[in-house]
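Q: Input data05.cif, format and content: mmCIF, C-alpha atoms.
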data_data
loop_
_atom_site.label_atom_id
_atom_site.label_comp_id
_atom_site.auth_asym_id
_atom_site.auth_seq_id
_atom_site.Cartn_x
_atom_site.Cartn_y
_atom_site.Cartn_z
CA MET F 1 0.00 0.00 0.00
CA LEU F 2 1.34 3.39 -0.99
CA GLN F 3 2.00 5.88 1.73
CA GLN F 4 -0.01 9.11 1.50
CA PRO F 5 1.76 12.43 2.03
CA SER F 6 0.48 14.73 4.73
CA PRO F 7 -1.13 18.09 3.82
CA HIS F 8 1.96 19.88 5.06
CA GLN F 9 4.33 17.68 3.03
CA LEU F 10 2.18 18.33 -0.01
CA GLU F 11 2.29 22.08 0.55
CA ASP F 12 6.08 21.98 0.96
CA ALA F 13 6.41 20.10 -2.31
CA LEU F 14 4.01 22.50 -4.06
CA SER F 15 6.02 25.47 -2.81
CA ARG F 16 9.23 23.96 -4.20
CA ARG F 17 7.48 23.26 -7.48
CA ARG F 18 6.16 26.81 -7.54
CA GLY F 19 9.70 28.01 -6.98
CA GLY F 20 10.71 26.33 -10.26
CA ALA F 21 11.94 22.93 -9.05
CA PRO F 22 11.28 19.96 -11.33
CA VAL F 23 8.55 17.57 -10.18
CA ILE F 24 10.93 14.84 -9.01
CA GLU F 25 13.08 17.32 -7.12
CA ALA F 26 10.05 19.05 -5.60
CA ALA F 27 8.69 15.71 -4.37
CA GLY F 28 12.06 14.99 -2.77
CA ILE F 29 13.29 11.76 -1.21
CA HIS F 30 10.32 10.68 0.75
CA PRO F 31 8.36 7.46 1.33
CA ALA F 32 5.39 9.20 -0.26
CA ALA F 33 7.42 10.76 -3.07
CA GLU F 34 5.60 8.80 -5.74
CA GLN F 35 2.24 10.03 -4.51
CA LEU F 36 3.58 13.56 -4.23
CA GLU F 37 4.80 13.49 -7.80
CA GLU F 38 1.36 12.41 -8.96
CA LEU F 39 -0.36 15.21 -7.04
CA LEU F 40 2.19 17.78 -8.22
CA GLN F 41 1.58 16.81 -11.80
CA LEU F 42 -2.15 17.03 -11.23
CA GLY F 43 -1.72 20.51 -9.80
CA ASP F 44 0.37 21.47 -12.82
CA ARG F 45 -2.34 20.24 -15.13
CA VAL F 46 -5.04 22.24 -13.30
CA GLY F 47 -2.86 25.33 -13.46
CA ALA F 48 -2.28 24.76 -17.17
CA LEU F 49 -5.94 24.56 -18.12
CA PRO F 50 -6.29 27.01 -20.99
CA GLY F 51 -8.55 29.97 -20.51
CA ALA F 52 -9.47 32.28 -23.33
CA LEU F 53 -9.81 36.03 -23.12
CA PRO F 54 -13.23 37.43 -23.97
CA ASP F 55 -13.67 38.46 -27.56
CA VAL F 56 -14.57 42.04 -28.32
CA GLY F 57 -18.27 41.31 -28.63
CA ALA F 58 -18.48 39.42 -25.35
CA LYS F 59 -16.55 42.10 -23.54
CA ALA F 60 -18.81 44.83 -24.92
CA ARG F 61 -21.94 42.94 -23.94
CA LEU F 62 -20.68 42.30 -20.43
CA ARG F 63 -19.68 45.93 -20.03
CA GLU F 64 -23.01 47.19 -21.27
CA GLN F 65 -24.95 44.92 -18.93
CA THR F 66 -22.79 45.74 -15.93
CA VAL F 67 -22.84 49.49 -16.45
CA GLY F 68 -26.58 49.33 -17.12
CA GLU F 69 -27.16 47.64 -13.78
CA VAL F 70 -25.05 50.21 -12.00
CA ALA F 71 -27.61 52.91 -12.74
CA ALA F 72 -30.38 50.95 -10.99
CA HIS F 73 -28.14 50.19 -8.00
CA ARG F 74 -27.09 53.82 -7.84
CA ALA F 75 -30.71 55.01 -7.72
CA ALA F 76 -31.52 52.58 -4.92
CA TRP F 77 -28.39 53.57 -3.01
CA VAL F 78 -29.15 57.29 -3.27
CA HIS F 79 -32.75 56.72 -2.21
CA HIS F 80 -31.64 54.69 0.81
CA HIS F 81 -29.06 57.26 1.90
CA ARG F 82 -31.38 60.23 1.42
CA LEU F 83 -33.85 58.53 3.75
CA ALA F 84 -31.03 58.08 6.22
CA LEU F 85 -30.13 61.77 5.92
CA ARG F 86 -33.73 62.79 6.48
CA ARG F 87 -33.85 60.63 9.56
CA GLY F 88 -30.67 62.31 10.69
CA ARG F 89 -32.32 65.74 10.70
CA HIS F 90 -34.33 64.79 13.75
CA PRO F 91 -32.57 65.31 17.05
CA LEU F 92 -30.63 62.29 18.13
CA PRO F 93 -32.21 60.35 20.96
CA SER F 94 -30.87 61.40 24.29
CA HIS F 95 -29.15 58.90 26.51
CA GLY F 96 -30.11 60.86 29.63
CA PHE F 97 -32.87 58.47 30.51
CA ARG F 98 -30.52 55.50 30.15
CA TRP F 99 -27.91 57.07 32.43
CA THR F 100 -30.55 58.04 34.97
CA PHE F 101 -31.81 54.48 34.94
CA VAL F 102 -28.31 53.03 35.39
CA LEU F 103 -27.51 55.48 38.18
CA GLY F 104 -30.83 54.82 39.90
CA LEU F 105 -30.31 51.10 39.61
CA ALA F 106 -26.83 51.41 41.10
CA VAL F 107 -28.15 53.46 44.01
CA LEU F 108 -30.99 50.99 44.55
CA LEU F 109 -28.59 48.05 44.55
CA ALA F 110 -26.29 49.86 46.97
CA LEU F 111 -29.25 50.58 49.27
CA ILE F 112 -30.40 46.97 49.13
CA ALA F 113 -26.87 45.70 49.80
CA GLY F 114 -26.38 48.20 52.63
CA SER F 115 -29.72 47.38 54.21
CA THR F 116 -29.05 43.66 53.98
CA LEU F 117 -25.64 44.11 55.56
CA ALA F 118 -27.01 46.33 58.32
CA LEU F 119 -29.80 43.84 59.02
CA ALA F 120 -27.29 41.01 59.16
CA ALA F 121 -25.14 43.11 61.48
CA GLN F 122 -28.05 43.67 63.85
CA LEU F 123 -28.25 39.92 64.32
CA ALA F 124 -24.51 39.65 64.97
CA GLU F 125 -23.21 38.67 68.39
CA PRO F 126 -19.99 39.90 70.02
CA ASP F 127 -17.97 37.02 68.57
CA GLY F 128 -19.28 37.65 65.06
CA SER F 129 -17.40 39.42 62.24
CA LEU F 130 -20.24 41.93 61.69
CA TYR F 131 -20.43 42.99 65.35
CA GLY F 132 -18.26 46.07 64.72
CA LEU F 133 -20.70 47.17 62.02
CA LYS F 134 -23.54 46.68 64.46
CA LEU F 135 -21.87 49.04 66.96
CA ASP F 136 -21.29 51.59 64.20
CA THR F 137 -24.94 51.60 63.20
CA GLU F 138 -25.86 52.14 66.84
CA GLN F 139 -23.73 55.27 66.83
CA VAL F 140 -25.78 56.48 63.87
CA LEU F 141 -28.91 55.97 65.93
CA LEU F 142 -27.42 58.10 68.68
CA ALA F 143 -26.41 60.82 66.23
CA VAL F 144 -29.89 61.21 64.75
CA ASN F 145 -31.43 61.77 68.21
CA ARG F 146 -30.90 65.38 69.18
CA THR F 147 -32.34 65.88 72.68
CA PRO F 148 -30.63 64.53 75.84
CA THR F 149 -33.81 62.66 76.76
CA SER F 150 -34.11 60.85 73.46
CA LYS F 151 -30.37 60.12 73.44
CA ALA F 152 -30.76 58.66 76.92
CA GLY F 153 -33.61 56.49 75.65
CA VAL F 154 -31.38 55.13 72.91
CA ARG F 155 -28.56 54.54 75.41
CA LEU F 156 -30.92 52.50 77.55
CA GLN F 157 -31.94 50.38 74.56
CA LEU F 158 -28.27 49.81 73.79
CA ALA F 159 -27.62 48.90 77.40
CA SER F 160 -30.36 46.27 77.24
CA GLN F 161 -28.82 44.95 74.03
CA ARG F 162 -25.37 44.72 75.67
CA TYR F 163 -26.95 42.81 78.56
CA ARG F 164 -28.49 40.32 76.12
CA ASP F 165 -25.12 40.01 74.35
CA SER F 166 -23.48 39.20 77.65
CA GLU F 167 -26.13 36.58 78.40
CA ALA F 168 -25.59 34.98 75.01
CA MET F 169 -21.81 34.90 75.41
CA ALA F 170 -22.04 33.47 78.92
CA ALA F 171 -24.36 30.75 77.63
CA VAL F 172 -21.74 29.56 75.13
CA GLY F 173 -18.91 29.84 77.64
CA LYS F 174 -17.15 32.86 76.14
CA GLY F 175 -16.29 34.68 79.32
CA GLY F 176 -14.16 37.41 77.78
CA TYR F 177 -16.95 38.54 75.47
CA ALA F 178 -19.45 38.36 78.35
CA VAL F 179 -17.27 40.65 80.50
CA GLN F 180 -16.80 43.16 77.70
CA SER F 181 -20.53 43.24 77.00
CA MET F 182 -21.35 43.79 80.64
CA ALA F 183 -18.77 46.60 80.84
CA ALA F 184 -20.47 48.21 77.85
CA TYR F 185 -23.85 47.67 79.52
CA TYR F 186 -22.83 49.57 82.61
CA ASP F 187 -21.15 52.27 80.55
CA GLU F 188 -24.35 52.85 78.58
CA LEU F 189 -26.31 53.08 81.84
CA ARG F 190 -23.90 55.68 83.25
CA GLN F 191 -24.09 57.79 80.12
CA ALA F 192 -27.88 57.53 80.03
CA GLY F 193 -27.96 58.62 83.67
CA ARG F 194 -25.77 61.62 82.93
CA LEU F 195 -27.96 62.64 79.99
CA LEU F 196 -31.13 62.33 82.03
CA ALA F 197 -29.63 64.32 84.91
CA GLY F 198 -29.06 67.28 82.61
CA ALA F 199 -32.40 67.12 80.78
CA ASN F 200 -35.70 68.93 81.37
CA HIS F 201 -38.09 66.99 83.55
CA ASP F 202 -41.01 66.69 81.18
CA SER F 203 -43.30 63.75 80.51
CA ALA F 204 -40.85 62.15 78.05
CA TRP F 205 -38.13 62.46 80.64
CA ARG F 206 -40.24 60.66 83.21
CA SER F 207 -40.94 57.87 80.77
CA VAL F 208 -37.24 57.42 80.02
CA ARG F 209 -36.38 57.62 83.69
CA ASP F 210 -38.75 54.71 84.34
CA GLN F 211 -36.99 52.81 81.59
CA PHE F 212 -33.72 53.58 83.30
CA ASP F 213 -35.00 52.08 86.53
CA THR F 214 -35.93 48.93 84.66
CA ALA F 215 -32.68 48.72 82.71
CA GLU F 216 -30.37 49.21 85.67
CA SER F 217 -32.01 46.55 87.77
CA LYS F 218 -31.28 43.60 85.50
CA PRO F 219 -29.93 40.68 87.53
CA ILE F 220 -26.42 39.39 86.92
CA ASP F 221 -26.94 36.10 88.71
CA PRO F 222 -28.03 34.15 85.60
CA ILE F 223 -24.90 35.31 83.80
CA LEU F 224 -22.66 34.43 86.72
CA SER F 225 -24.31 31.05 86.95
CA GLN F 226 -23.74 30.34 83.25
CA LEU F 227 -20.11 31.34 83.56
CA ALA F 228 -19.62 29.16 86.60
CA THR F 229 -21.05 26.23 84.70
CA ALA F 230 -18.61 26.94 81.89
CA HIS F 231 -15.71 27.13 84.35
CA GLN F 232 -15.22 30.83 83.61
CA SER F 233 -14.71 31.87 87.21
CA ASN F 234 -12.37 34.74 86.34
CA ALA F 235 -14.93 36.27 84.00
CA ALA F 236 -17.60 35.86 86.65
CA ALA F 237 -15.40 37.65 89.17
CA GLU F 238 -14.80 40.52 86.75
CA ILE F 239 -18.50 40.91 86.13
CA LYS F 240 -19.16 40.88 89.83
CA ALA F 241 -16.59 43.65 90.25
CA LEU F 242 -18.17 45.66 87.45
CA ALA F 243 -21.56 45.32 89.10
CA ASP F 244 -20.17 46.44 92.46
CA ARG F 245 -18.57 49.49 90.89
CA PHE F 246 -21.80 50.40 89.15
CA ALA F 247 -23.74 49.98 92.38
CA LYS F 248 -21.71 52.83 93.85
CA ASP F 249 -22.36 55.06 90.83
CA ARG F 250 -25.99 54.07 90.78
CA LYS F 251 -26.67 55.69 94.14
CA ALA F 252 -25.42 59.03 92.86
CA ILE F 253 -27.41 58.70 89.65
CA ASP F 254 -30.57 57.67 91.46
CA ALA F 255 -30.23 60.66 93.75
CA LYS F 256 -30.25 62.96 90.75
CA LEU F 257 -33.04 61.23 88.92
CA ASN F 258 -35.27 60.63 91.95
CA PRO F 259 -34.67 63.59 94.26
CA GLY F 260 -38.07 63.29 95.94
CA ARG F 261 -38.02 59.54 96.37
CA ALA F 262 -36.98 57.97 99.64
CA SER F 263 -33.77 56.11 99.16
CA GLY F 264 -32.75 53.25 101.35
CA GLY F 265 -29.20 53.44 100.11
CA PRO F 266 -26.37 55.64 101.17
CA ALA F 267 -26.45 59.39 100.66
CA PRO F 268 -26.21 60.51 97.04
CA LEU F 269 -23.10 62.05 95.65
CA PRO F 270 -22.83 65.86 95.62
CA SER F 271 -24.68 67.57 92.81
CA GLY F 272 -22.77 67.45 89.53
CA ALA F 273 -20.31 64.84 90.75
CA ALA F 274 -19.17 62.54 88.03
CA PRO F 275 -18.91 58.82 88.56
CA GLN F 276 -15.61 57.55 89.80
CA PRO F 277 -13.08 57.61 87.01
CA GLY F 278 -11.85 54.16 87.85
CA ALA F 279 -15.35 52.81 87.66
CA ALA F 280 -15.83 53.64 84.02
CA PRO F 281 -15.18 50.60 81.88
CA GLN F 282 -13.70 50.88 78.45
CA PRO F 283 -15.98 52.53 75.87
CA SER F 284 -18.40 50.40 74.01
CA GLY F 285 -16.72 48.98 70.97
CA LYS F 286 -16.10 45.62 69.52
CA PRO F 287 -14.97 43.60 72.49
CA THR F 288 -11.94 41.46 72.28
CA PRO F 289 -11.91 38.05 73.81
CA MET C 1 -5.01 38.07 -11.41
CA SER C 2 -2.90 37.99 -8.31
CA ALA C 3 -1.38 41.34 -7.54
CA GLY C 4 0.75 42.98 -4.93
CA ARG C 5 -0.51 44.73 -1.86
CA GLY C 6 0.35 48.13 -3.33
CA ARG C 7 -2.07 47.55 -6.11
CA PHE C 8 -4.74 46.54 -3.58
CA ARG C 9 -4.24 49.80 -1.74
CA GLY C 10 -4.51 51.78 -4.96
CA GLU C 11 -7.60 49.81 -5.80
CA GLN C 12 -9.20 50.55 -2.47
CA GLU C 13 -10.18 54.11 -3.32
CA THR C 14 -11.86 52.97 -6.51
CA ILE C 15 -13.73 50.26 -4.61
CA VAL C 16 -14.95 52.72 -1.99
CA ARG C 17 -16.34 54.94 -4.74
CA ALA C 18 -17.80 51.92 -6.49
CA GLN C 19 -19.54 50.98 -3.24
CA ARG C 20 -21.53 54.20 -3.73
CA TYR C 21 -22.21 52.96 -7.28
CA GLU C 22 -20.39 55.82 -8.92
CA PRO C 23 -20.48 54.75 -12.60
CA GLU C 24 -16.89 55.75 -13.39
CA ALA C 25 -15.52 53.73 -10.47
CA VAL C 26 -17.51 50.63 -11.38
CA GLU C 27 -16.42 50.94 -15.01
CA GLN C 28 -12.82 51.16 -13.91
CA LEU C 29 -13.16 48.08 -11.75
CA PHE C 30 -14.81 46.29 -14.64
CA ASP C 31 -12.08 47.23 -17.10
CA ASP C 32 -9.36 46.24 -14.66
CA ASN C 33 -10.81 42.83 -13.86
CA VAL C 34 -13.00 41.56 -16.67
CA GLU C 35 -10.30 39.91 -18.77
CA GLY C 36 -8.65 38.14 -15.87
CA LEU C 37 -12.01 37.00 -14.56
CA PHE C 38 -13.08 35.73 -17.97
CA ARG C 39 -9.85 33.82 -18.43
CA TYR C 40 -10.21 32.31 -14.95
CA VAL C 41 -13.78 31.21 -15.60
CA ASP C 42 -13.02 29.91 -19.03
CA SER C 43 -10.18 27.81 -17.64
CA LEU C 44 -12.73 26.00 -15.51
CA VAL C 45 -15.67 25.97 -17.91
CA GLY C 46 -13.90 25.53 -21.25
CA ASP C 47 -16.67 27.10 -23.28
CA PRO C 48 -16.64 30.82 -24.16
CA VAL C 49 -20.42 31.11 -24.32
CA ALA C 50 -20.95 29.43 -20.98
CA SER C 51 -18.04 31.42 -19.56
CA GLU C 52 -19.65 34.67 -20.66
CA GLU C 53 -22.85 33.73 -18.87
CA VAL C 54 -20.96 32.86 -15.68
CA VAL C 55 -19.00 36.12 -15.83
CA ARG C 56 -22.21 38.08 -16.35
CA ARG C 57 -23.70 36.50 -13.22
CA VAL C 58 -20.49 37.12 -11.29
CA TRP C 59 -20.71 40.86 -12.05
CA GLN C 60 -24.41 40.85 -11.24
CA ARG C 61 -23.75 39.33 -7.84
CA ALA C 62 -20.71 41.51 -7.25
CA LEU C 63 -22.75 44.66 -7.81
CA GLU C 64 -25.34 43.45 -5.31
CA GLY C 65 -22.71 42.69 -2.69
CA LEU C 66 -20.39 45.59 -3.38
CA PRO C 67 -21.48 47.77 -0.39
CA ARG C 68 -20.61 44.87 1.92
CA TYR C 69 -17.14 44.29 0.42
CA ARG C 70 -14.47 44.51 3.13
CA ARG C 71 -11.58 42.28 2.02
CA PHE C 72 -9.48 45.14 0.73
CA ASP C 73 -6.22 43.39 1.60
CA SER C 74 -6.87 40.29 -0.51
CA GLY C 75 -7.80 41.99 -3.77
CA PHE C 76 -10.96 42.69 -5.67
CA GLY C 77 -10.02 40.18 -8.38
CA THR C 78 -9.78 37.37 -5.80
CA TRP C 79 -13.21 38.34 -4.52
CA LEU C 80 -14.61 38.05 -8.04
CA GLU C 81 -12.93 34.67 -8.48
CA ARG C 82 -14.47 33.42 -5.27
CA ILE C 83 -17.90 34.49 -6.51
CA ALA C 84 -17.13 32.68 -9.75
CA ASN C 85 -16.25 29.52 -7.80
CA THR C 86 -19.75 29.49 -6.36
CA LEU C 87 -21.34 29.98 -9.80
CA ILE C 88 -19.22 27.55 -11.82
CA GLY C 89 -21.62 24.77 -10.92
CA GLN C 90 -24.39 26.49 -12.92
CA ALA C 91 -22.41 26.09 -16.14
CA PRO C 92 -22.82 22.87 -18.12
CA ILE C 93 -20.37 20.11 -17.17
CA PRO C 94 -17.77 19.69 -19.93
CA THR C 95 -18.03 16.49 -21.92
CA GLY C 96 -15.51 14.75 -24.14
CA ASP C 97 -12.56 12.43 -23.85
CA GLU C 98 -9.91 15.08 -24.00
CA PRO C 99 -7.76 15.22 -20.85
CA GLU C 100 -8.73 18.86 -20.28
CA ALA C 101 -12.44 18.13 -20.48
CA ARG C 102 -12.05 15.18 -18.10
CA LEU C 103 -10.07 17.32 -15.70
CA ARG C 104 -12.67 20.12 -15.78
CA ALA C 105 -15.43 17.57 -15.21
CA ALA C 106 -13.45 16.13 -12.30
CA LEU C 107 -13.08 19.58 -10.80
CA ARG C 108 -16.84 19.94 -10.78
CA ARG C 109 -17.14 16.86 -8.56
CA LEU C 110 -15.19 18.51 -5.75
CA THR C 111 -16.98 19.90 -2.72
CA PRO C 112 -17.53 23.69 -2.81
CA ASP C 113 -14.77 24.25 -0.23
CA GLN C 114 -12.29 22.03 -2.09
CA LEU C 115 -13.15 23.66 -5.42
CA ASP C 116 -12.69 27.11 -3.88
CA VAL C 117 -9.20 26.30 -2.59
CA ILE C 118 -7.99 24.23 -5.56
CA CYS C 119 -9.07 26.87 -8.08
CA LEU C 120 -7.55 29.76 -6.16
CA ARG C 121 -4.33 27.78 -5.62
CA PHE C 122 -3.73 26.35 -9.09
CA VAL C 123 -5.82 28.40 -11.54
CA ALA C 124 -5.44 31.81 -9.88
CA GLY C 125 -1.99 30.84 -8.62
CA LEU C 126 -2.37 32.27 -5.11
CA PRO C 127 -0.10 31.09 -2.28
CA VAL C 128 -1.68 29.40 0.73
CA GLU C 129 -1.32 32.51 2.92
CA GLU C 130 -3.30 34.65 0.49
CA ILE C 131 -6.00 32.02 0.15
CA ALA C 132 -6.27 31.85 3.91
CA ARG C 133 -6.60 35.63 4.09
CA ALA C 134 -9.09 35.85 1.23
CA THR C 135 -11.31 33.03 2.45
CA GLY C 136 -11.10 33.67 6.18
CA ARG C 137 -9.79 30.16 6.80
CA SER C 138 -6.71 29.15 8.74
CA ARG C 139 -3.57 28.13 6.87
CA ILE C 140 -3.86 24.58 8.20
CA ARG C 141 -7.45 24.39 7.01
CA VAL C 142 -6.45 25.60 3.54
CA GLU C 143 -3.63 23.04 3.35
CA ALA C 144 -6.01 20.29 4.41
CA LEU C 145 -8.60 21.33 1.81
CA GLN C 146 -5.89 21.48 -0.83
CA HIS C 147 -4.67 18.01 0.11
CA ARG C 148 -8.12 16.43 0.13
CA GLY C 149 -9.11 18.33 -3.00
CA LEU C 150 -6.14 17.02 -5.01
CA LEU C 151 -6.72 13.46 -3.81
CA ALA C 152 -10.42 13.74 -4.68
CA LEU C 153 -9.54 15.23 -8.04
CA ARG C 154 -7.17 12.32 -8.80
CA ASP C 155 -9.81 9.79 -7.82
CA ALA C 156 -12.55 11.59 -9.77
CA GLU C 157 -10.41 11.75 -12.90
CA THR C 158 -9.54 8.08 -12.84
CA ALA C 159 -13.10 6.97 -11.95
#
Now that the file is in, can you turn its structure into C-alpha cells?
A:
Amino acid sequence: MLQQPSPHQLEDALSRRRGGAPVIEAAGIHPAAEQLEELLQLGDRVGALPGALPDVGAKARLREQTVGEVAAHRAAWVHHHRLALRRGRHPLPSHGFRWTFVLGLAVLLALIAGSTLALAAQLAEPDGSLYGLKLDTEQVLLAVNRTPTSKAGVRLQLASQRYRDSEAMAAVGKGGYAVQSMAAYYDELRQAGRLLAGANHDSAWRSVRDQFDTAESKPIDPILSQLATAHQSNAAAEIKALADRFAKDRKAIDAKLNPGRASGGPAPLPSGAAPQPGAAPQPSGKPTP
Amino acid sequence: MSAGRGRFRGEQETIVRAQRYEPEAVEQLFDDNVEGLFRYVDSLVGDPVASEEVVRRVWQRALEGLPRYRRFDSGFGTWLERIANTLIGQAPIPTGDEPEARLRAALRRLTPDQLDVICLRFVAGLPVEEIARATGRSRIRVEALQHRGLLALRDAETA
C-alpha cells in the first residue's frame, strides 16, 4: 500500500514546485514521493488549463450589462441614503434616561446591599465578624437623636442589648466577650444617667427615667451562673466587680433622677459629681476576647 | 489576477467609490478585472459562451454585494474569483474524452470548499497565505482542503 503524504508535506512540495523545481526534485526523497509526484503533476495540469480572453463582442456585452445595472443600483443607493439623511435631521435620541436608569439602579442596589448588611449586622453577636458594624450603626442611631432625653432612651436600649449580648456569650462559655458586653452595659447606663440628669423633667423624661430604673435593675446572677457552669470563674469575678462598681455610681445617679423619692441606700453624691473615674469601663466597641 | 498589496491599496479608493455605485468607479473596476475573470472562468468551464454567462452572473452578484465588500487586503479580483467559484456549478459540465475536459469535469465533482481552494491555488496561482486571508480560513485548514481536493480530483479523474 502506498503511503499518503500529509497536507503539510504536499504544501512543501508544491512550494518547491512553484519556486521552479522539477517535479521529481520538488517531491524529494520521501516514502510518499511517488504520490507527491502524482499530485504535483495534477496541480500542474489544473494550473495549465487554458482559458481564453473574452472576444470584443463578449466584452462589450458584459460591459453594457454591468454598467446598465449600476444605474439601478445607484438610484436605490441614493434613495436609501437620502432617507437616512432625512432621519438624521431629527434630534438624536438622548441617553439621559438611560444614564438616569443606570444610576438609579446602582443606588438601589447599593441601598439593598447596605440594608441587607445592616440587618445582618443587627443579628450579629460579640464574637461575630459583623459585630463592629452593628456598633457603628448604633452610633448612627445616637447621632440622629438630638435631645438629651431621646439620646438617653437610645442609650438605655443599647444597654439592654449589651446585657443580652453578655447573656448569650455566657451561655456559650465565652467569658471574655461576656465581660466586655457587661462593661459596655454599665457604661451605657452611666451615660444615660448623665444625659437624664441634665435634661428637662417633662413627661418624656419621666418615661425614660422609668426605663432607666428597669434597665439598671437587670440581675447578673443568671450570667454568673452560666459562667460558673462553663468554668469561667475569672470572668464571673470581673462581672461581679463591674456590678459592684456600678452599684456605687448608681446611688449618685438615682439621687439625681429621683430627688423626691426615699432612698434606702447611702447618701447621694454631691450635685454634679461625676462617677468615679476608675469605675468607668472601656468605651463600648467591639470587644476582644 | 494575483497582484501585490500596493495595487490593492490603490484599488481601495476605486472600490470605496464603487460601493456608492459611482459609474466611473464601477467601469474602472470592470475594465481592470473583466479579462482576468473571464480567463479564470473559461479555464474551468472551457466554453466561451458558458463562460460569458458565468461572468455576467459574477458581475451581477458583485454589484449586489459591493457595499458589503471589506476584504481590501486580498484583492478585488480574488473576490470576483471566489464568486465565480460558487457559480461555476451552474455552467454545463464539460463532456468529451480530452484530458482537459475530463479534468474540468473532475473539478466539478469537488466539494464547494475544495473547489474554492484548488481553483484559487492552481488556476489563480495564489499562495496558501493569500488564500487563507481571502477566504477567512486558517492556513492549516487551507492546506487540508488542498490536500483532500487534489486526492479527490485524482480519484474523480480516474473513476
Q: Written as a PyMOL selection string, what is the full residue list that the PyMOL selection byres ((chain F) within 7 of (chain C)) yields on the file shown?
A: chain F and resi 7-8+10-11+39+43+46-47+49-54+58+62+66-67+70+73-74+77
Q: Specify as a list in words each residue included when the PyMOL selection byres ((chain F and resi 167) around 10) is applied to this file.
A: Gln161, Arg162, Tyr163, Arg164, Asp165, Ser166, Ala168, Met169, Ala170, Ala171, Val172, Gly173, Lys174, Tyr177, Ala178, Val179, Ser181, Met182, Ile220, Pro222, Ile223, Leu224, Gln226 and Leu227 of chain F
Q: For the file shown, what are the residues hit by the PyMOL selection byres ((chain C and resi 130) around 12), laid out as an MDAnalysis selection string?
A: chainID C and resid 2:5 71 73:75 78:79 117 120:121 124:129 131:139 142:143
Q: Quick one: residues within 9 Å of region 34-38 of chain F, all atoms listed in the file, excluding same-chain residues fewer than 5 positions away - as a list in words?
A: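 In the requested format, the answer is Leu2, Gln3, Gln4, Pro5, Gln9, Leu10, Ala13, Leu14, Val23, Ile24, Ala26, Ala27, Gly28 and Gly43 of chain F; Arg154 of chain C.
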Q: Any idea what the distance is between CA of Leu115 (chain C) and CA of Ile83 (chain C)?
A: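 It comes out at 11.9 Å.
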Q: To one decimal place, how far is CA of Arg190 (chain F) from CA of Asn234 (chain F) in Å?
A: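 Spanning CA of Arg190 (chain F) to CA of Asn234 (chain F) is a straight-line distance of 24.1 Å.
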Q: Counting only C-alpha atoms, what is within 12 Å of Val154 (chain F), bar same-chain residues fewer than 5 positions away, as a list in words?
A: Glu138, Gln139, Val140, Leu141, Leu142, Ala143, Val144, Asn145, Arg146, Thr147, Pro148, Thr149, Ala159, Ser160, Gln161, Glu188, Leu189, Gln191, Ala192, Gly193, Leu195, Leu196, Val208, Gln211, Phe212 and Ala215 of chain F
Q: Could you tell me how far CA of Tyr186 (chain F) lies from CA of Pro219 (chain F), in Å and to one decimal?
A: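 It comes out at 12.4 Å.
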